[in-house]
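Student: Could you have a look at this structure, given as structure tokens, before my questions?
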Amino acid sequence: MISVLFPDAACFTYDLCGKFQSPSPEWMHLTRNLVNFELMVVTEGTLFIADEHRSYEVHPGEYLLLPPTVHQHGSKKGSCSFYWLHFIPGIPSAPIIAPSDPTAGSVLDEFHAAPPSSYRLEDLAPAQLPSNYPETLCIPRQGTLSSPNRVIILMKQLQDTSLRFHNTFLNNSLTAAVLGEINCQSPFYRTYTSETQRTQILQDIISYIQYHSSESLKVTELARYFGYNDKYLSSLFHEGTGMTLKQFILKSKMDSAMAELTDTNHTVSQIAYNVGFQDAHNFSTAFRKLTGMTPGQYRKSYGNRKLSFE
């Protein structure tokens with residue numbers, strides 16, 4: 001995938017930002033020279049836009065990151081809504097001006113009035129991390145956000161801050177935060193995540209499930225709690241444990257039930273309720289499927305063990 005690499009991940013210069021709502025289904029993006037970077041995060045409809053290299057379709061929950069170009073234009077009419085952010089990588093040493101004379105050079109030439117090597121484009125697979133990552137941000141030119149609301153919240157904050165305070169440092173910092181968030185939702189960052197970090201995530205999930213085993217847990221709720229896409233979280237858990245999330249949730253409930261069966265005199269109905277089942281029959285069926293015994297048989301097998309609560 002074509003990706004934009006920013007060697008100086010902490011250094012960005014804010015230009016402008018806002019939210020655009022197309023006035024009608026007949027709207028088409030204007031034609032212009034794009035003299036700095038533009039990030040667009042679509043919330044409604046489909047954005048049809050192009051540069052001199054190719055056309056793009058950007059759907060809700062997706063973003064597009066366009067480098068400077070001599071010919072940004074709409075490729076098709078359509079109704080859409082999106083947040084937009086213009087920025088410059090690094091701190092420009094000279095004003096960036098679009099050339100009026102085609103022989104004067106491209107916008108990219110003018111853009112390099114900013115510090116040299118402020119960005120580069122590379123065609124990378126997710127496993128091909130650039131050197132010095134993550135100090136070097138690596139953001140696919142177009143992608144789907146796993147948590148678009150996290151990006152939108154930051155862009156709303158940047159828009160409000162820009163209008164309210166006019167503080168250069170704050171605007172630049174929030175611009176870096178927006179791009180950093182998108183970087184962290186990219187496949188490159190997931191590749192970068194170390195085994196230790198994966199282990200910590202898995203342990204956090206396991207601890208959460210075990211602590212909440214008495215509740216009616218769902219994969220979608222777990223994903224929302226940990227801030228991941230449910231499919232990604234399920235895949236990560238299965239890869240790390242060899243079990244699906246549903247299997248582990250059921251196993252945790254049954255582990256708690258087995259402890260109660262052997263260490264308390266609670267009825268099967270009470271134990272079923274304690275581990276999140278509303279029906280003792282369904283609990284018994286699930287218990288037998290996992291252990292090969294009914295709850296009563298399991299308790300009887302430990303019947304010689306004398307219980308004492310003194």
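In the structure tokens, each chain is lettered A, B, ... as it comes, each chain's residues begin at 1, and ligands are numbered from 1 in order of appearance.
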Find the residues around segment 288-303 of chain A up to 6 Å (only C-alpha atoms counted), leave out those fewer than 3 positions away in its own chain, and share them as a ChimeraX atom specification.

Tutor: /A:261-262,285

Student: For all heavy atoms, I'd like the residues from the last selection saved as a PDB file, in the first residue's frame.

Tutor:
ATOM      1  N   LEU A 261     -19.297 -25.389  42.992  1.00  0.00           N
ATOM      2  CA  LEU A 261     -19.829 -26.739  43.187  1.00  0.00           C
ATOM      3  C   LEU A 261     -19.021 -27.519  44.216  1.00  0.00           C
ATOM      4  O   LEU A 261     -19.566 -28.347  44.959  1.00  0.00           O
ATOM      5  CB  LEU A 261     -19.844 -27.487  41.855  1.00  0.00           C
ATOM      6  CG  LEU A 261     -20.942 -27.087  40.864  1.00  0.00           C
ATOM      7  CD1 LEU A 261     -20.656 -27.657  39.478  1.00  0.00           C
ATOM      8  CD2 LEU A 261     -22.317 -27.562  41.355  1.00  0.00           C
ATOM      9  N   THR A 262     -17.721 -27.280  44.262  1.00  0.00           N
ATOM     10  CA  THR A 262     -16.860 -28.058  45.166  1.00  0.00           C
ATOM     11  C   THR A 262     -16.632 -27.378  46.502  1.00  0.00           C
ATOM     12  O   THR A 262     -16.280 -28.045  47.479  1.00  0.00           O
ATOM     13  CB  THR A 262     -15.491 -28.325  44.501  1.00  0.00           C
ATOM     14  OG1 THR A 262     -14.894 -27.074  44.135  1.00  0.00           O
ATOM     15  CG2 THR A 262     -15.658 -29.183  43.261  1.00  0.00           C
ATOM     16  N   THR A 285     -26.585 -27.827  30.565  1.00  0.00           N
ATOM     17  CA  THR A 285     -26.224 -28.306  29.223  1.00  0.00           C
ATOM     18  C   THR A 285     -24.822 -27.832  28.848  1.00  0.00           C
ATOM     19  O   THR A 285     -23.997 -28.608  28.352  1.00  0.00           O
ATOM     20  CB  THR A 285     -27.241 -27.807  28.186  1.00  0.00           C
ATOM     21  OG1 THR A 285     -28.538 -28.305  28.528  1.00  0.00           O
ATOM     22  CG2 THR A 285     -26.863 -28.282  26.789  1.00  0.00           C
TER      23      THR A 285
END

Student: Just asking: which residues within segment 45-246 of chain A are helix (DSSP H, G or I) according to DSSP, as a ChimeraX atom specification?

Tutor: /A:102-104,107-111,148-164,168-184,187-192,195-211,219-226,230-241,245-246

Student: Go ahead and dump the residues you just picked, C-alpha atoms, as a PDB file, in the first residue's frame.

Tutor:
ATOM      1  CA  PRO A 102       3.816  25.691 -15.079  1.00  0.00           C
ATOM      2  CA  THR A 103       7.478  26.021 -16.067  1.00  0.00           C
ATOM      3  CA  ALA A 104       8.394  27.223 -12.596  1.00  0.00           C
ATOM      4  CA  VAL A 107       4.040  22.319  -6.098  1.00  0.00           C
ATOM      5  CA  LEU A 108       6.257  19.640  -4.589  1.00  0.00           C
ATOM      6  CA  ASP A 109       9.292  21.736  -5.528  1.00  0.00           C
ATOM      7  CA  GLU A 110       7.802  24.750  -3.783  1.00  0.00           C
ATOM      8  CA  PHE A 111       6.729  22.594  -0.851  1.00  0.00           C
ATOM      9  CA  PRO A 148     -13.092   6.764  13.806  1.00  0.00           C
ATOM     10  CA  ASN A 149     -14.646   8.571  16.770  1.00  0.00           C
ATOM     11  CA  ARG A 150     -11.244   8.855  18.452  1.00  0.00           C
ATOM     12  CA  VAL A 151      -9.923  10.760  15.423  1.00  0.00           C
ATOM     13  CA  ILE A 152     -13.065  12.866  15.046  1.00  0.00           C
ATOM     14  CA  ILE A 153     -12.952  13.935  18.709  1.00  0.00           C
ATOM     15  CA  LEU A 154      -9.383  15.174  18.247  1.00  0.00           C
ATOM     16  CA  MET A 155     -10.297  17.005  15.033  1.00  0.00           C
ATOM     17  CA  LYS A 156     -13.260  18.673  16.777  1.00  0.00           C
ATOM     18  CA  GLN A 157     -10.968  19.724  19.605  1.00  0.00           C
ATOM     19  CA  LEU A 158      -8.441  21.119  17.121  1.00  0.00           C
ATOM     20  CA  GLN A 159     -11.163  23.060  15.325  1.00  0.00           C
ATOM     21  CA  ASP A 160     -12.437  24.540  18.600  1.00  0.00           C
ATOM     22  CA  THR A 161      -8.935  25.308  19.874  1.00  0.00           C
ATOM     23  CA  SER A 162      -7.948  27.022  16.640  1.00  0.00           C
ATOM     24  CA  LEU A 163     -10.985  29.311  16.775  1.00  0.00           C
ATOM     25  CA  ARG A 164     -10.863  29.929  20.510  1.00  0.00           C
ATOM     26  CA  THR A 168       0.374  27.976  17.509  1.00  0.00           C
ATOM     27  CA  PHE A 169       1.942  25.471  19.893  1.00  0.00           C
ATOM     28  CA  LEU A 170      -1.439  23.977  20.849  1.00  0.00           C
ATOM     29  CA  ASN A 171      -2.601  23.786  17.224  1.00  0.00           C
ATOM     30  CA  ASN A 172       0.617  22.084  16.127  1.00  0.00           C
ATOM     31  CA  SER A 173       0.445  19.660  19.064  1.00  0.00           C
ATOM     32  CA  LEU A 174      -3.154  18.673  18.299  1.00  0.00           C
ATOM     33  CA  THR A 175      -2.267  18.235  14.628  1.00  0.00           C
ATOM     34  CA  ALA A 176       0.456  15.799  15.694  1.00  0.00           C
ATOM     35  CA  ALA A 177      -2.071  14.065  17.982  1.00  0.00           C
ATOM     36  CA  VAL A 178      -4.537  13.562  15.099  1.00  0.00           C
ATOM     37  CA  LEU A 179      -1.856  12.047  12.864  1.00  0.00           C
ATOM     38  CA  GLY A 180      -0.462  10.007  15.735  1.00  0.00           C
ATOM     39  CA  GLU A 181      -3.910   8.533  16.428  1.00  0.00           C
ATOM     40  CA  ILE A 182      -4.340   7.551  12.767  1.00  0.00           C
ATOM     41  CA  ASN A 183      -0.854   6.035  12.819  1.00  0.00           C
ATOM     42  CA  CYS A 184      -1.801   3.969  15.880  1.00  0.00           C
ATOM     43  CA  PRO A 187      -1.803  -1.899  10.143  1.00  0.00           C
ATOM     44  CA  PHE A 188       1.826  -0.803  10.523  1.00  0.00           C
ATOM     45  CA  TYR A 189       1.371  -0.036  14.188  1.00  0.00           C
ATOM     46  CA  ARG A 190      -0.339  -3.364  14.766  1.00  0.00           C
ATOM     47  CA  THR A 191       2.667  -5.046  13.172  1.00  0.00           C
ATOM     48  CA  TYR A 192       4.981  -3.041  15.383  1.00  0.00           C
ATOM     49  CA  GLU A 195       4.938  -9.607  21.857  1.00  0.00           C
ATOM     50  CA  THR A 196       5.118  -8.095  25.331  1.00  0.00           C
ATOM     51  CA  GLN A 197       2.428  -5.578  24.467  1.00  0.00           C
ATOM     52  CA  ARG A 198       0.287  -8.306  22.917  1.00  0.00           C
ATOM     53  CA  THR A 199       0.733 -10.406  26.033  1.00  0.00           C
ATOM     54  CA  GLN A 200      -0.325  -7.468  28.202  1.00  0.00           C
ATOM     55  CA  ILE A 201      -3.422  -6.876  26.092  1.00  0.00           C
ATOM     56  CA  LEU A 202      -4.338 -10.553  26.279  1.00  0.00           C
ATOM     57  CA  GLN A 203      -3.778 -10.616  30.040  1.00  0.00           C
ATOM     58  CA  ASP A 204      -5.971  -7.544  30.462  1.00  0.00           C
ATOM     59  CA  ILE A 205      -8.744  -9.241  28.470  1.00  0.00           C
ATOM     60  CA  ILE A 206      -8.391 -12.479  30.438  1.00  0.00           C
ATOM     61  CA  SER A 207      -8.468 -10.620  33.768  1.00  0.00           C
ATOM     62  CA  TYR A 208     -11.514  -8.622  32.700  1.00  0.00           C
ATOM     63  CA  ILE A 209     -13.412 -11.751  31.629  1.00  0.00           C
ATOM     64  CA  GLN A 210     -12.537 -13.611  34.816  1.00  0.00           C
ATOM     65  CA  TYR A 211     -13.514 -10.665  37.010  1.00  0.00           C
ATOM     66  CA  VAL A 219     -17.566  -9.929  22.266  1.00  0.00           C
ATOM     67  CA  THR A 220     -18.855  -6.597  20.957  1.00  0.00           C
ATOM     68  CA  GLU A 221     -18.952  -5.193  24.501  1.00  0.00           C
ATOM     69  CA  LEU A 222     -15.398  -6.383  25.167  1.00  0.00           C
ATOM     70  CA  ALA A 223     -14.184  -4.808  21.928  1.00  0.00           C
ATOM     71  CA  ARG A 224     -15.865  -1.506  22.801  1.00  0.00           C
ATOM     72  CA  TYR A 225     -14.378  -1.547  26.306  1.00  0.00           C
ATOM     73  CA  PHE A 226     -10.824  -2.141  25.067  1.00  0.00           C
ATOM     74  CA  ASP A 230     -14.486  -6.802  17.492  1.00  0.00           C
ATOM     75  CA  LYS A 231     -13.106  -8.872  14.605  1.00  0.00           C
ATOM     76  CA  TYR A 232      -9.566  -7.700  15.301  1.00  0.00           C
ATOM     77  CA  LEU A 233      -9.900  -8.382  19.039  1.00  0.00           C
ATOM     78  CA  SER A 234     -11.272 -11.880  18.371  1.00  0.00           C
ATOM     79  CA  SER A 235      -8.430 -12.615  15.952  1.00  0.00           C
ATOM     80  CA  LEU A 236      -5.804 -11.284  18.382  1.00  0.00           C
ATOM     81  CA  PHE A 237      -7.191 -13.375  21.243  1.00  0.00           C
ATOM     82  CA  HIS A 238      -7.421 -16.555  19.168  1.00  0.00           C
ATOM     83  CA  GLU A 239      -3.891 -16.082  17.872  1.00  0.00           C
ATOM     84  CA  GLY A 240      -2.524 -15.597  21.388  1.00  0.00           C
ATOM     85  CA  THR A 241      -4.489 -18.277  23.276  1.00  0.00           C
ATOM     86  CA  LEU A 245     -13.317 -15.250  22.981  1.00  0.00           C
ATOM     87  CA  LYS A 246     -16.669 -17.018  23.266  1.00  0.00           C
TER      88      LYS A 246
END

Student: Near Gln185 of chain A, within 8 Å and counting only C-alpha atoms, which residues show up once chain neighbours fewer than 5 positions away are dropped, as an mmCIF file with N, CA and C atoms, in the first residue's frame?

Tutor:
data_model
loop_
_atom_site.group_PDB
_atom_site.id
_atom_site.type_symbol
_atom_site.label_atom_id
_atom_site.label_comp_id
_atom_site.auth_asym_id
_atom_site.auth_seq_id
_atom_site.Cartn_x
_atom_site.Cartn_y
_atom_site.Cartn_z
ATOM 1 N N LEU A 145 -10.572 3.435 9.498
ATOM 2 C CA LEU A 145 -10.256 3.644 10.909
ATOM 3 C C LEU A 145 -10.984 2.625 11.768
ATOM 4 N N SER A 146 -10.257 1.972 12.660
ATOM 5 C CA SER A 146 -10.897 1.007 13.561
ATOM 6 C C SER A 146 -11.745 1.724 14.607
ATOM 7 N N SER A 147 -11.342 2.939 14.987
ATOM 8 C CA SER A 147 -12.115 3.751 15.938
ATOM 9 C C SER A 147 -12.193 5.184 15.414
ATOM 10 N N ARG A 190 0.019 -2.043 14.251
ATOM 11 C CA ARG A 190 -0.339 -3.364 14.766
ATOM 12 C C ARG A 190 0.807 -4.349 14.543
#

Student: If you count only C-alpha atoms, which residues fall within 8 Å of segment 116-129 of chain A, apart from same-chain ones fewer than 5 positions away, as JSON, numbers by chain?

Tutor: {"A": [1, 2, 3, 4, 5, 6, 7, 8, 89, 90, 187, 188, 191, 192]}

Student: DSSP says strand (DSSP E or B) for which residues of segment 125-227 of chain A? Put them as a list in words?

Tutor: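 In segment 125-227 of chain A, DSSP puts these residues in strand (DSSP E or B): Leu137, Cys138, Ile139, Pro140, Gln142, Gly143 and Thr144 of chain A.
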
Student: For atom CA of Asn36 of chain A and atom CA of Lys77 of chain A, quote the distance in Å rounded to one decimal.

Tutor: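 It comes out at 24.2 Å.
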
Student: What's the 10 Å shell around Ser75 of chain A, counting only C-alpha atoms, without same-chain residues fewer than 3 positions away, as a ChimeraX atom specification?

Tutor: /A:28-31,47-51,54-57,72,78

Student: Would you mind exporting C-alpha atoms of the selected residues as an mmCIF file, in the first residue's frame?

Tutor:
data_model
loop_
_atom_site.group_PDB
_atom_site.id
_atom_site.type_symbol
_atom_site.label_atom_id
_atom_site.label_comp_id
_atom_site.auth_asym_id
_atom_site.auth_seq_id
_atom_site.Cartn_x
_atom_site.Cartn_y
_atom_site.Cartn_z
ATOM 1 C CA MET A 28 -18.251 18.120 -6.740
ATOM 2 C CA HIS A 29 -14.925 18.981 -5.094
ATOM 3 C CA LEU A 30 -13.262 22.069 -6.554
ATOM 4 C CA THR A 31 -10.155 21.930 -8.756
ATOM 5 C CA LEU A 47 -16.240 11.597 -1.217
ATOM 6 C CA PHE A 48 -15.126 11.345 -4.855
ATOM 7 C CA ILE A 49 -11.778 13.081 -5.302
ATOM 8 C CA ALA A 50 -8.683 12.738 -7.467
ATOM 9 C CA ASP A 51 -5.172 14.044 -8.095
ATOM 10 C CA ARG A 54 -5.492 8.478 -9.464
ATOM 11 C CA SER A 55 -9.088 8.796 -8.253
ATOM 12 C CA TYR A 56 -10.293 7.961 -4.738
ATOM 13 C CA GLU A 57 -13.607 6.968 -3.191
ATOM 14 C CA GLN A 72 -6.563 18.126 -6.889
ATOM 15 C CA GLY A 78 -22.103 13.246 -4.721
#

Student: What does the structure give for the distance between atom CA of Pro25 of chain A and atom CA of Glu62 of chain A, in Å to one decimal?

Tutor: 19.7 Å

Student: When distances are computed from only C-alpha atoms, which of A:Asp279, A:Glu38, A:Glu215, A:Asp263 shows the smallest separation from Tyr83 of chain A?

Tutor: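 Residue with the minimum atom-to-atom distance to Tyr83 of chain A: A:Glu38.
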
Student: So which one's closest to Ala10 of chain A, A:Ser81, A:Thr136, A:Ser131, A:Ser22? Using only C-alpha atoms, please.

Tutor: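 Nearest candidate to Ala10 of chain A out of A:Ser81, A:Thr136, A:Ser131, A:Ser22: A:Thr136.
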